[in-house]
$ cat coords.cif   # mmCIF, C-alpha atoms
data_data
#
loop_
_atom_site.label_atom_id
_atom_site.label_comp_id
_atom_site.auth_asym_id
_atom_site.auth_seq_id
_atom_site.Cartn_x
_atom_site.Cartn_y
_atom_site.Cartn_z
CA MET A 29 0.00 0.00 0.00
CA THR A 30 1.24 3.48 -0.83
CA ARG A 31 1.22 6.35 1.63
CA GLU A 32 -1.33 8.14 -0.54
CA GLU A 33 -3.68 5.13 -0.41
CA ASN A 34 -3.29 4.86 3.36
CA GLU A 35 -4.20 8.53 3.74
CA MET A 36 -7.19 8.11 1.40
CA LEU A 37 -8.52 5.27 3.59
CA THR A 38 -7.96 6.92 6.96
CA GLN A 39 -8.59 10.67 6.63
CA THR A 40 -12.25 11.22 7.52
CA GLY A 41 -12.78 14.95 8.12
CA PRO A 42 -14.89 17.29 5.96
CA GLY A 43 -13.49 17.54 2.43
CA THR A 44 -11.20 14.52 2.72
CA PRO A 45 -11.69 11.62 0.26
CA CYS A 46 -12.79 9.01 2.80
CA GLY A 47 -14.70 11.58 4.83
CA GLU A 48 -16.72 12.49 1.77
CA LEU A 49 -17.43 8.81 1.11
CA LEU A 50 -18.57 8.04 4.66
CA ARG A 51 -20.83 11.10 4.63
CA ARG A 52 -22.84 9.51 1.80
CA TYR A 53 -24.11 6.86 4.25
CA TRP A 54 -26.15 7.03 7.45
CA GLN A 55 -23.93 6.80 10.52
CA PRO A 56 -24.72 6.28 14.22
CA ALA A 57 -24.30 9.59 16.04
CA ALA A 58 -25.28 8.64 19.62
CA LEU A 59 -27.19 6.15 21.72
CA SER A 60 -30.82 7.02 22.38
CA GLU A 61 -30.10 6.80 26.12
CA GLU A 62 -27.70 9.74 25.79
CA LEU A 63 -30.54 12.01 24.70
CA ALA A 64 -33.34 11.66 27.23
CA GLU A 65 -36.69 13.36 26.66
CA GLY A 66 -36.39 16.85 28.16
CA GLY A 67 -32.66 16.35 28.71
CA ALA A 68 -29.72 18.58 27.92
CA PRO A 69 -28.30 18.91 24.39
CA LEU A 70 -25.34 16.62 23.70
CA PRO A 71 -22.10 17.89 22.12
CA VAL A 72 -20.77 15.30 19.67
CA ARG A 73 -17.82 15.11 17.32
CA LEU A 74 -18.51 13.09 14.19
CA LEU A 75 -16.30 12.70 11.10
CA GLY A 76 -14.11 15.53 12.35
CA GLU A 77 -16.99 17.98 12.77
CA ASP A 78 -18.16 19.53 16.03
CA LEU A 79 -21.94 19.23 16.38
CA VAL A 80 -24.75 19.30 18.92
CA LEU A 81 -27.48 16.69 19.17
CA PHE A 82 -30.78 17.58 20.87
CA ARG A 83 -34.44 16.62 21.09
CA ASP A 84 -36.85 19.44 20.42
CA ASP A 85 -39.87 19.86 22.66
CA GLY A 86 -41.73 17.45 20.38
CA GLY A 87 -39.14 14.71 21.04
CA ARG A 88 -37.61 14.82 17.54
CA PRO A 89 -33.80 14.43 17.37
CA GLY A 90 -31.86 17.14 15.57
CA LEU A 91 -28.16 17.50 14.77
CA LEU A 92 -26.80 21.03 14.31
CA GLY A 93 -23.43 22.71 13.96
CA LEU A 94 -22.09 23.28 17.46
CA HIS A 95 -21.40 27.01 17.07
CA CYS A 96 -24.20 29.54 16.76
CA SER A 97 -24.37 31.27 13.37
CA HIS A 98 -24.54 34.64 15.15
CA ARG A 99 -21.38 34.93 17.26
CA GLY A 100 -20.16 31.33 17.55
CA ALA A 101 -21.43 30.48 21.04
CA ASP A 102 -21.63 26.80 22.02
CA LEU A 103 -25.20 25.61 21.39
CA SER A 104 -24.84 22.56 23.64
CA TYR A 105 -25.54 24.97 26.54
CA GLY A 106 -28.72 26.12 24.83
CA ARG A 107 -32.36 26.10 25.90
CA VAL A 108 -34.69 23.51 24.36
CA GLU A 109 -37.93 25.40 23.80
CA ASP A 110 -40.33 26.91 21.30
CA GLY A 111 -39.80 24.19 18.68
CA GLY A 112 -36.01 24.24 18.64
CA LEU A 113 -32.71 24.97 20.36
CA ARG A 114 -32.14 28.52 21.61
CA CYS A 115 -28.65 29.96 22.06
CA ILE A 116 -28.09 31.34 25.57
CA TYR A 117 -25.85 34.16 24.27
CA HIS A 118 -28.43 36.24 22.33
CA GLY A 119 -31.46 33.95 22.15
CA TRP A 120 -31.29 32.92 18.51
CA LEU A 121 -33.55 29.90 18.01
CA TYR A 122 -32.91 27.05 15.53
CA ASP A 123 -35.16 24.16 14.58
CA ILE A 124 -33.93 20.66 13.67
CA HIS A 125 -33.65 21.72 10.02
CA GLY A 126 -31.28 24.61 10.81
CA ARG A 127 -33.87 27.34 10.18
CA CYS A 128 -33.58 30.37 12.42
CA LEU A 129 -37.01 30.85 13.99
CA ASP A 130 -36.29 33.82 16.22
CA GLN A 131 -33.75 36.59 16.83
CA PRO A 132 -35.28 38.22 19.91
CA GLY A 133 -32.69 40.99 20.13
CA GLU A 134 -33.61 42.24 16.67
CA PRO A 135 -36.64 44.39 15.76
CA GLY A 136 -39.64 42.20 14.99
CA GLY A 137 -37.79 39.08 16.07
CA GLY A 138 -35.33 39.40 13.17
CA GLU A 139 -36.44 40.61 9.75
CA ARG A 140 -33.65 38.64 8.03
CA LYS A 141 -33.80 35.50 10.12
CA ASP A 142 -35.19 33.47 7.20
CA SER A 143 -31.90 33.94 5.33
CA ILE A 144 -30.02 32.00 8.02
CA ARG A 145 -29.37 28.34 7.28
CA HIS A 146 -27.45 26.91 10.20
CA PRO A 147 -25.61 23.61 9.52
CA ALA A 148 -28.14 20.84 10.17
CA TYR A 149 -28.25 17.12 9.37
CA PRO A 150 -31.21 14.72 9.16
CA CYS A 151 -31.63 12.17 11.98
CA ILE A 152 -33.45 8.86 12.29
CA GLU A 153 -33.86 6.89 15.52
CA ARG A 154 -33.71 3.08 15.32
CA SER A 155 -32.88 0.18 17.66
CA GLY A 156 -31.61 2.32 20.51
CA ALA A 157 -29.38 4.57 18.37
CA ILE A 158 -29.72 7.90 16.60
CA PHE A 159 -28.43 7.87 13.01
CA ALA A 160 -27.42 10.96 11.05
CA TYR A 161 -26.74 11.73 7.40
CA LEU A 162 -23.95 14.28 6.94
CA GLY A 163 -23.70 14.12 3.16
CA PRO A 164 -24.89 16.40 0.35
CA GLY A 165 -28.36 16.51 -1.14
CA GLU A 166 -31.29 14.26 -0.36
CA PRO A 167 -30.23 11.44 1.96
CA PRO A 168 -30.51 7.82 0.83
CA LEU A 169 -32.86 5.50 2.66
CA LEU A 170 -31.63 3.98 5.89
CA PRO A 171 -31.14 0.30 4.96
CA ILE A 172 -33.85 -1.92 6.43
CA PHE A 173 -31.61 -4.50 8.05
CA GLU A 174 -33.35 -6.81 10.51
CA PHE A 175 -31.52 -5.38 13.49
CA LEU A 176 -32.74 -1.87 12.59
CA THR A 177 -36.39 -2.90 12.42
CA ALA A 178 -36.56 -5.35 15.36
CA SER A 179 -38.66 -4.61 18.43
CA ASP A 180 -36.80 -3.20 21.43
CA ASP A 181 -36.80 -6.53 23.26
CA HIS A 182 -34.92 -8.27 20.42
CA VAL A 183 -32.03 -5.83 19.96
CA PHE A 184 -29.53 -4.21 22.31
CA VAL A 185 -26.86 -1.62 21.48
CA LYS A 186 -23.90 -0.29 23.40
CA LYS A 187 -20.91 1.78 22.36
CA PHE A 188 -17.36 2.18 23.54
CA TYR A 189 -14.41 4.43 22.83
CA HIS A 190 -11.35 3.60 20.71
CA GLU A 191 -8.12 5.59 20.66
CA CYS A 192 -7.35 4.84 17.02
CA ASN A 193 -8.53 5.37 13.46
CA TYR A 194 -11.86 3.77 12.55
CA LEU A 195 -10.29 1.58 9.83
CA GLN A 196 -8.19 -0.33 12.37
CA GLY A 197 -11.36 -1.39 14.16
CA ASN A 198 -13.16 -2.19 10.93
CA GLU A 199 -10.30 -4.30 9.60
CA GLY A 200 -10.06 -6.06 12.96
CA ASN A 201 -13.48 -7.49 12.18
CA ILE A 202 -12.62 -8.50 8.62
CA ASP A 203 -9.49 -10.32 9.83
CA LEU A 204 -11.22 -13.52 11.01
CA ILE A 205 -8.00 -15.50 11.45
CA HIS A 206 -7.39 -13.58 14.67
CA LEU A 207 -10.24 -15.53 16.32
CA SER A 208 -7.99 -18.59 16.62
CA PHE A 209 -5.22 -16.59 18.30
CA LEU A 210 -6.29 -13.37 20.02
CA HIS A 211 -9.44 -14.92 21.54
CA HIS A 212 -8.04 -18.43 22.10
CA ASN A 213 -8.51 -19.67 25.68
CA ARG A 214 -8.95 -22.87 27.65
CA TYR A 215 -12.71 -22.37 28.04
CA ARG A 216 -13.71 -21.71 24.44
CA ASP A 217 -12.33 -22.05 20.95
CA ALA A 218 -13.67 -18.84 19.43
CA GLY A 219 -12.46 -19.76 15.97
CA GLY A 220 -14.15 -23.11 15.54
CA PRO A 221 -15.82 -26.16 17.07
CA PRO A 222 -15.13 -27.47 20.57
CA VAL A 223 -11.82 -29.36 20.59
CA PRO A 224 -9.69 -30.89 23.36
CA PHE A 225 -7.75 -28.00 24.84
CA VAL A 226 -4.02 -28.13 24.28
CA PHE A 227 -2.70 -24.66 24.93
CA SER A 228 -0.03 -23.56 22.50
CA GLY A 229 1.39 -20.27 21.32
CA ARG A 230 0.57 -21.43 17.79
CA GLY A 231 -3.15 -20.89 18.31
CA ALA A 232 -6.20 -23.14 18.16
CA SER A 233 -5.69 -24.65 14.73
CA PRO A 234 -2.29 -23.82 13.20
CA GLY A 235 -2.02 -24.25 9.45
CA LEU A 236 -5.55 -25.61 9.06
CA GLU A 237 -7.46 -22.43 8.24
CA SER A 238 -7.99 -20.34 5.14
CA MET A 239 -9.93 -17.19 4.25
CA GLU A 240 -12.22 -16.53 1.30
CA ALA A 241 -14.50 -13.68 0.26
CA GLU A 242 -17.37 -12.99 -2.13
CA ILE A 243 -18.89 -9.65 -3.16
CA ALA A 244 -22.45 -9.51 -1.79
CA GLU A 245 -25.56 -7.37 -2.22
CA PHE A 246 -24.45 -4.99 0.55
CA GLY A 247 -20.70 -5.47 0.86
CA VAL A 248 -18.54 -8.58 1.17
CA ARG A 249 -19.21 -12.05 2.62
CA ILE A 250 -16.14 -13.29 4.44
CA CYS A 251 -15.58 -16.92 5.40
CA LYS A 252 -12.95 -18.58 7.59
CA ILE A 253 -12.65 -22.27 6.77
CA ARG A 254 -11.08 -24.78 9.15
CA LYS A 255 -10.18 -28.24 7.87
CA LEU A 256 -11.52 -31.06 10.02
CA GLU A 257 -11.17 -34.82 9.83
CA PRO A 258 -12.39 -37.00 8.35
CA ASP A 259 -15.06 -35.48 6.10
CA SER A 260 -16.14 -32.08 7.46
CA GLN A 261 -15.06 -28.46 7.58
CA HIS A 262 -15.94 -25.71 10.02
CA LEU A 263 -17.10 -22.34 8.71
CA TYR A 264 -17.19 -18.96 10.42
CA LEU A 265 -19.10 -16.69 8.06
CA CYS A 266 -19.61 -12.92 8.38
CA THR A 267 -20.69 -9.98 6.23
CA PHE A 268 -18.85 -6.66 5.81
CA LEU A 269 -21.66 -4.10 5.51
CA PHE A 270 -20.14 -1.39 3.37
CA PRO A 271 -18.59 1.02 4.23
CA ASN A 272 -17.88 0.65 7.99
CA ALA A 273 -20.05 -2.00 9.68
CA PHE A 274 -19.68 -5.76 10.12
CA ALA A 275 -22.16 -8.54 10.94
CA PHE A 276 -20.99 -11.69 12.75
CA PRO A 277 -22.57 -14.78 14.39
CA GLY A 278 -24.20 -14.47 17.79
CA PRO A 279 -24.05 -13.59 20.55
CA PHE A 280 -27.34 -15.43 21.25
CA ASN A 281 -28.53 -18.39 19.19
CA LYS A 282 -25.64 -17.92 16.77
CA ASN A 283 -27.43 -18.88 13.59
CA ASN A 284 -30.73 -17.17 14.41
CA GLY A 285 -29.50 -13.65 14.90
CA TYR A 286 -26.24 -11.75 14.68
CA GLY A 287 -24.11 -8.99 16.11
CA VAL A 288 -23.06 -5.84 14.24
CA ASN A 289 -19.94 -3.78 14.92
CA TRP A 290 -20.27 -0.28 13.43
CA HIS A 291 -17.05 1.76 13.60
CA VAL A 292 -17.79 5.50 13.40
CA PRO A 293 -14.99 8.10 13.19
CA ILE A 294 -14.90 10.81 15.82
CA ASP A 295 -11.87 12.19 14.00
CA ASP A 296 -8.87 10.57 12.32
CA THR A 297 -7.37 9.22 15.55
CA HIS A 298 -10.44 8.25 17.62
CA HIS A 299 -13.69 6.42 16.95
CA TRP A 300 -16.76 4.88 18.52
CA LEU A 301 -17.72 1.25 18.15
CA TYR A 302 -21.50 0.83 18.15
CA ASP A 303 -22.12 -2.81 19.07
CA PHE A 304 -25.61 -4.12 18.16
CA SER A 305 -26.82 -7.54 19.35
CA PHE A 306 -29.88 -8.93 17.58
CA SER A 307 -31.87 -12.13 18.09
CA ARG A 308 -34.81 -13.35 16.05
CA ASP A 309 -36.08 -15.90 18.57
CA GLN A 310 -34.95 -14.70 22.01
CA THR A 311 -35.92 -11.63 23.98
CA ILE A 312 -33.03 -9.67 25.44
CA ASP A 313 -32.77 -8.74 29.09
CA ARG A 314 -31.52 -5.21 28.45
CA LYS A 315 -30.72 -4.50 32.11
CA GLN A 316 -28.60 -7.64 32.35
CA TRP A 317 -26.77 -6.93 29.11
CA LYS A 318 -26.06 -3.37 30.17
CA GLU A 319 -24.53 -4.62 33.42
CA ARG A 320 -22.41 -7.15 31.49
CA ALA A 321 -21.06 -4.54 29.06
CA GLY A 322 -18.03 -3.82 31.29
CA LEU A 323 -18.09 -0.06 30.76
CA ILE A 324 -16.95 2.81 32.94
CA PRO A 325 -18.15 6.46 32.64
CA GLY A 326 -17.45 7.94 29.24
CA TYR A 327 -18.38 4.69 27.48
CA ARG A 328 -14.91 3.23 27.93
CA LEU A 329 -14.05 -0.38 28.60
CA THR A 330 -12.87 -1.15 32.11
CA ARG A 331 -9.82 -2.77 30.54
CA ASN A 332 -8.30 -0.06 28.35
CA LYS A 333 -5.06 1.44 27.12
CA SER A 334 -4.52 3.49 30.30
CA ASN A 335 -4.26 0.33 32.45
CA ARG A 336 -2.71 -1.87 29.74
CA TYR A 337 -6.01 -3.75 29.45
CA LEU A 338 -5.26 -5.32 32.88
CA GLN A 339 -3.13 -7.96 31.19
CA ASP A 340 -2.12 -10.81 33.52
CA ARG A 341 0.92 -12.43 31.97
CA ALA A 342 0.80 -15.41 34.33
CA SER A 343 -2.54 -16.42 32.83
CA MET A 344 -0.92 -16.66 29.38
CA GLU A 345 0.61 -20.00 30.39
CA LYS A 346 -2.55 -21.91 31.22
CA GLU A 347 -5.65 -19.82 30.61
CA SER A 348 -5.62 -17.42 27.65
CA PHE A 349 -3.52 -16.52 24.64
CA THR A 350 -3.56 -12.79 25.46
CA GLY A 351 -3.36 -12.74 29.24
CA ILE A 352 -6.37 -10.43 29.14
CA GLU A 353 -9.52 -11.70 30.89
CA PHE A 354 -10.56 -14.65 28.74
CA SER A 355 -14.24 -13.66 28.48
CA ASP A 356 -13.62 -9.99 27.57
CA PHE A 357 -13.32 -10.28 23.79
CA ASN A 358 -13.89 -6.53 23.40
CA ALA A 359 -10.76 -5.80 25.45
CA HIS A 360 -8.75 -8.29 23.35
CA ASP A 361 -9.83 -6.48 20.19
CA LEU A 362 -9.24 -3.03 21.68
CA CYS A 363 -5.66 -3.96 22.57
CA ALA A 364 -5.01 -5.33 19.07
CA VAL A 365 -6.45 -2.42 17.08
CA GLU A 366 -5.08 0.38 19.29
CA GLY A 367 -1.64 -1.25 19.26
CA PRO A 368 -0.58 0.02 15.79
CA GLY A 369 -0.96 3.60 17.06
CA PRO A 370 -3.49 6.34 16.30
CA ILE A 371 -3.26 5.72 12.53
CA GLN A 372 -1.63 2.52 11.33
CA ASP A 373 1.16 2.98 8.77
CA ARG A 374 0.10 0.34 6.25
CA THR A 375 3.14 0.98 4.05
CA LYS A 376 5.16 -1.04 6.59
CA GLU A 377 2.92 -4.11 6.87
CA HIS A 378 3.62 -7.50 5.26
CA LEU A 379 0.35 -9.09 4.21
CA ALA A 380 0.00 -12.88 4.00
CA SER A 381 -2.40 -15.27 2.25
CA THR A 382 -5.00 -15.06 5.05
CA ASP A 383 -5.17 -11.28 4.54
CA ALA A 384 -6.89 -11.67 1.17
CA THR A 385 -10.17 -10.44 2.65
CA ILE A 386 -8.43 -7.31 3.96
CA VAL A 387 -7.17 -6.60 0.44
CA VAL A 388 -10.65 -7.06 -1.05
CA SER A 389 -12.26 -4.68 1.45
CA ARG A 390 -9.59 -2.01 0.98
CA LYS A 391 -9.95 -2.12 -2.80
CA LEU A 392 -13.71 -1.81 -2.47
CA ILE A 393 -13.36 1.31 -0.30
CA LEU A 394 -10.64 2.84 -2.49
CA ASN A 395 -12.73 2.31 -5.62
CA ALA A 396 -15.73 3.96 -3.92
CA ILE A 397 -13.56 6.92 -2.84
CA ARG A 398 -12.47 7.40 -6.44
CA GLU A 399 -16.07 7.27 -7.65
CA VAL A 400 -17.05 10.06 -5.25
CA ARG A 401 -14.01 12.13 -6.25
CA GLU A 402 -15.01 11.78 -9.90
CA GLY A 403 -18.57 12.90 -9.21
CA ARG A 404 -20.22 9.47 -9.40
CA GLU A 405 -22.42 7.78 -6.84
CA PRO A 406 -20.69 5.22 -4.59
CA PRO A 407 -22.03 1.65 -4.28
CA TYR A 408 -24.71 0.26 -1.98
CA LEU A 409 -26.76 3.43 -1.54
CA VAL A 410 -30.49 2.70 -1.26
CA LYS A 411 -32.64 5.21 -3.13
CA ASP A 412 -35.67 3.07 -4.07
CA ALA A 413 -37.97 1.90 -1.25
CA ARG A 414 -38.85 -1.17 -3.32
CA GLN A 415 -35.21 -2.27 -3.14
CA ASN A 416 -34.80 -1.49 0.55
CA ARG A 417 -35.00 -5.07 1.72
CA PHE A 418 -32.05 -7.05 3.05
CA PRO A 419 -33.20 -10.29 4.68
CA ASN A 420 -30.02 -12.11 3.71
CA ILE A 421 -27.34 -10.55 5.91
CA LEU A 422 -25.91 -13.98 6.43
CA THR A 423 -23.76 -14.99 9.37
CA TYR A 424 -23.06 -18.58 10.30
CA THR A 425 -20.86 -20.75 12.46
CA GLY A 426 -20.91 -24.52 12.17
CA MET A 427 -19.74 -27.57 10.24
CA ILE A 428 -20.62 -28.59 6.72
CA PRO A 429 -19.48 -31.56 4.58
CA LYS A 430 -15.94 -31.21 3.27
CA SER A 431 -17.24 -31.95 -0.23
CA LYS A 432 -19.35 -28.75 -0.25
CA ASN A 433 -18.25 -25.35 -1.49
CA TRP A 434 -19.48 -22.80 1.06
CA LYS A 435 -20.67 -20.33 -1.60
CA GLU A 436 -22.90 -22.95 -3.20
CA TYR A 437 -23.92 -24.57 0.08
CA PHE A 438 -25.66 -21.45 1.37
CA ARG A 439 -27.59 -21.04 -1.86
CA GLU A 440 -29.33 -24.35 -1.21
CA PRO A 441 -32.91 -24.06 0.13
CA GLU A 442 -33.47 -24.50 3.85
CA VAL A 443 -29.79 -24.05 4.70
CA ALA A 444 -28.37 -21.93 7.55
CA GLY A 445 -31.60 -21.37 9.44
CA GLY A 446 -33.50 -20.19 6.38
CA CYS A 447 -31.02 -17.43 5.48
CA VAL A 448 -30.85 -18.31 1.81
CA TRP A 449 -28.89 -16.07 -0.52
CA PRO A 450 -30.61 -14.62 -3.58
CA ARG A 451 -30.18 -16.83 -6.63
#

$ encode --input "coords.cif" --output "structure tokens"
Amino acid sequence: MTREENEMLTQTGPGTPCGELLRRYWQPAALSEELAEGGAPLPVRLLGEDLVLFRDDGGRPGLLGLHCSHRGADLSYGRVEDGGLRCIYHGWLYDIHGRCLDQPGEPGGGERKDSIRHPAYPCIERSGAIFAYLGPGEPPLLPIFEFLTASDDHVFVKKFYHECNYLQGNEGNIDLIHLSFLHHNRYRDAGGPPVPFVFSGRGASPGLESMEAEIAEFGVRICKIRKLEPDSQHLYLCTFLFPNAFAFPGPFNKNNGYGVNWHVPIDDTHHWLYDFSFSRDQTIDRKQWKERAGLIPGYRLTRNKSNRYLQDRASMEKESFTGIEFSDFNAHDLCAVEGPGPIQDRTKEHLASTDATIVVSRKLILNAIREVREGREPPYLVKDARQNRFPNILTYTGMIPKSKNWKEYFREPEVAGGCVWPR
């Protein structure tokens, strides 16, 4: 990878190539719980832009530029009233569309107030999160994925802070080989089927796994294949939801629901991971899952960079590959993706055969960046409501016959819990 390509993939602020691409898609801006009815406005930084999120007195979420169009005061201190957000400096009032409704210090409430168009972005609330569109023109439709249309008792979302570029987190998902190393422990083989535990620094299944990918209707399907004897193979199948989300098996009934990791840039060197858990057949005890999230104030993991993820090197001998609490997969991942630094220098990496899926995903993003730069529409935008249907976000973990090709196997009727790919 060239330095120019690395910069294209990682620079996400306004006017940057990747920033302009990501702005063409809906992005999570906050958790619904952060914006209580009647609560204070919330300052947020998203894609390198300082903004304020608020609910008007009708309960509608709005996302505005943080600084008042009059004299630049911070609107997160503003008053929520009279159909909008009122600046406490001179009382200018903005609605969720950025229209200035009132300038009380001016004669007649402001004869030129209608000429003001404060920066404002559309918002949609789904599945415990508030999504925003920061791009130009009419926004595309928010994709109707199952986890974004499920009832509240079948989906749970949390978020936590990362001190690194969003792409490091996103590529950490796409790199499925890490499951057999980073998450390997004596209690669970995260990369495959239950096997007799023989702890080794060479991982759960050295030399027996390969990676394959296939372009899908909303990104890339990614499959880790483990050879088993005598006549079976184990698959771990996920979907990269373009441009910065990833669906994976579990965490409930693993083939009747899925998780989604959505990595959203704060700026070039920090990002939020929005972690959705969705189940088709089980209700979710939200209180229990919130308690299990392992978060401290500020939506940070208890095990984080400041305390070296509480690594216990003695446990590396008999309990876990990482020495980080065996059950805290999020902390394992955080350590791995923050380790390359704020922005990974990909010109110095040495990719191997199992990184083929990383290469595919990077090329897909780079091609989309070039399309936007050349004035064309990037892929996977949904503009037609008749096409806004995605029942086949397929994730799977389990064994299939060694004689079967995984791409063909999941096109067979009644396979993988009814998640059949389009023919």

$ residues_around --input "coords.cif" --residues "Asn34 in chain A" --least-positions-apart "2" --cutoff "10 Å" --atoms "all atoms listed in the file" --output "PDB file with C-alpha atoms, in the coordinates of the input"
ATOM      1  CA  MET A  29       0.000   0.000   0.000  1.00  0.00           C
ATOM      2  CA  THR A  30       1.240   3.480  -0.830  1.00  0.00           C
ATOM      3  CA  ARG A  31       1.220   6.350   1.630  1.00  0.00           C
ATOM      4  CA  GLU A  32      -1.330   8.140  -0.540  1.00  0.00           C
ATOM      5  CA  MET A  36      -7.190   8.110   1.400  1.00  0.00           C
ATOM      6  CA  LEU A  37      -8.520   5.270   3.590  1.00  0.00           C
ATOM      7  CA  THR A  38      -7.960   6.920   6.960  1.00  0.00           C
ATOM      8  CA  GLN A  39      -8.590  10.670   6.630  1.00  0.00           C
ATOM      9  CA  ILE A 371      -3.260   5.720  12.530  1.00  0.00           C
ATOM     10  CA  GLN A 372      -1.630   2.520  11.330  1.00  0.00           C
ATOM     11  CA  ASP A 373       1.160   2.980   8.770  1.00  0.00           C
ATOM     12  CA  ARG A 374       0.100   0.340   6.250  1.00  0.00           C
ATOM     13  CA  THR A 375       3.140   0.980   4.050  1.00  0.00           C
ATOM     14  CA  ARG A 390      -9.590  -2.010   0.980  1.00  0.00           C
ATOM     15  CA  LEU A 394     -10.640   2.840  -2.490  1.00  0.00           C
TER      16      LEU A 394
END

$ residues_near_point --input "coords.cif" --point "(-27.1, 0.0, 1.6)" --cutoff "10 Å" --atoms "all atoms listed in the file" --output "list in words"
Tyr53, Trp54, Pro168, Leu169, Leu170, Pro171, Ile172, Phe173, Glu245, Phe246, Gly247, Leu269, Phe270, Pro271, Pro407, Tyr408, Leu409, Val410, Lys411, Gln415, Asn416, Arg417 and Phe418 of chain A

$ atom_distance --input "coords.cif" --atom1 "CA of Leu256 in chain A" --atom2 "CA of Met427 in chain A"
8.9 Å

$ atom_distance --input "coords.cif" --atom1 "CA of Gly87 in chain A" --atom2 "CA of Asn272 in chain A"
28.6 Å

$ residues_around --input "coords.cif" --residues "Thr350 in chain A" --least-positions-apart "5" --cutoff "12 Å" --atoms "only C-alpha atoms" --output "number ranges by chain"
A: 206-214, 227-229, 231, 336-345, 355-357, 359-364

$ closest_residue --input "coords.cif" --among "A:Glu166, A:Glu240, A:Glu347, A:Glu35" --to "Ser381 in chain A" --atoms "only C-alpha atoms"
A:Glu240

$ decode --input "coords.cif" --residues "range 355-369 of chain A" --atoms "N, CA and C atoms" --output "short mmCIF file (atom, residue, chain, number, x, y, z; two decimals), in the first residue's frame"
data_model
loop_
_atom_site.label_atom_id
_atom_site.label_comp_id
_atom_site.auth_asym_id
_atom_site.auth_seq_id
_atom_site.Cartn_x
_atom_site.Cartn_y
_atom_site.Cartn_z
N SER A 355 -12.88 -13.88 28.97
CA SER A 355 -14.24 -13.66 28.48
C SER A 355 -14.44 -12.27 27.88
N ASP A 356 -13.46 -11.37 28.02
CA ASP A 356 -13.62 -9.99 27.57
C ASP A 356 -13.05 -9.82 26.17
N PHE A 357 -13.79 -10.35 25.17
CA PHE A 357 -13.32 -10.28 23.79
C PHE A 357 -13.15 -8.84 23.32
N ASN A 358 -14.00 -7.93 23.82
CA ASN A 358 -13.89 -6.53 23.40
C ASN A 358 -12.54 -5.94 23.81
N ALA A 359 -12.06 -6.31 25.00
CA ALA A 359 -10.76 -5.80 25.45
C ALA A 359 -9.63 -6.40 24.63
N HIS A 360 -9.75 -7.68 24.24
CA HIS A 360 -8.75 -8.29 23.35
C HIS A 360 -8.65 -7.46 22.07
N ASP A 361 -9.81 -7.20 21.46
CA ASP A 361 -9.83 -6.48 20.19
C ASP A 361 -9.31 -5.06 20.36
N LEU A 362 -9.69 -4.40 21.45
CA LEU A 362 -9.24 -3.03 21.68
C LEU A 362 -7.72 -2.97 21.75
N CYS A 363 -7.11 -3.91 22.47
CA CYS A 363 -5.66 -3.96 22.57
C CYS A 363 -5.02 -4.13 21.19
N ALA A 364 -5.60 -5.02 20.38
CA ALA A 364 -5.01 -5.33 19.07
C ALA A 364 -5.13 -4.17 18.09
N VAL A 365 -6.26 -3.47 18.09
CA VAL A 365 -6.45 -2.42 17.08
C VAL A 365 -5.88 -1.08 17.51
N GLU A 366 -5.74 -0.84 18.83
CA GLU A 366 -5.08 0.38 19.29
C GLU A 366 -3.56 0.24 19.24
N GLY A 367 -3.08 -1.00 19.22
CA GLY A 367 -1.64 -1.25 19.26
C GLY A 367 -0.85 -0.63 18.13
N PRO A 368 -1.36 -0.59 16.88
CA PRO A 368 -0.58 0.02 15.79
C PRO A 368 -0.42 1.53 15.89
N GLY A 369 -1.04 2.16 16.90
CA GLY A 369 -0.96 3.60 17.06
C GLY A 369 -2.22 4.28 16.56
#
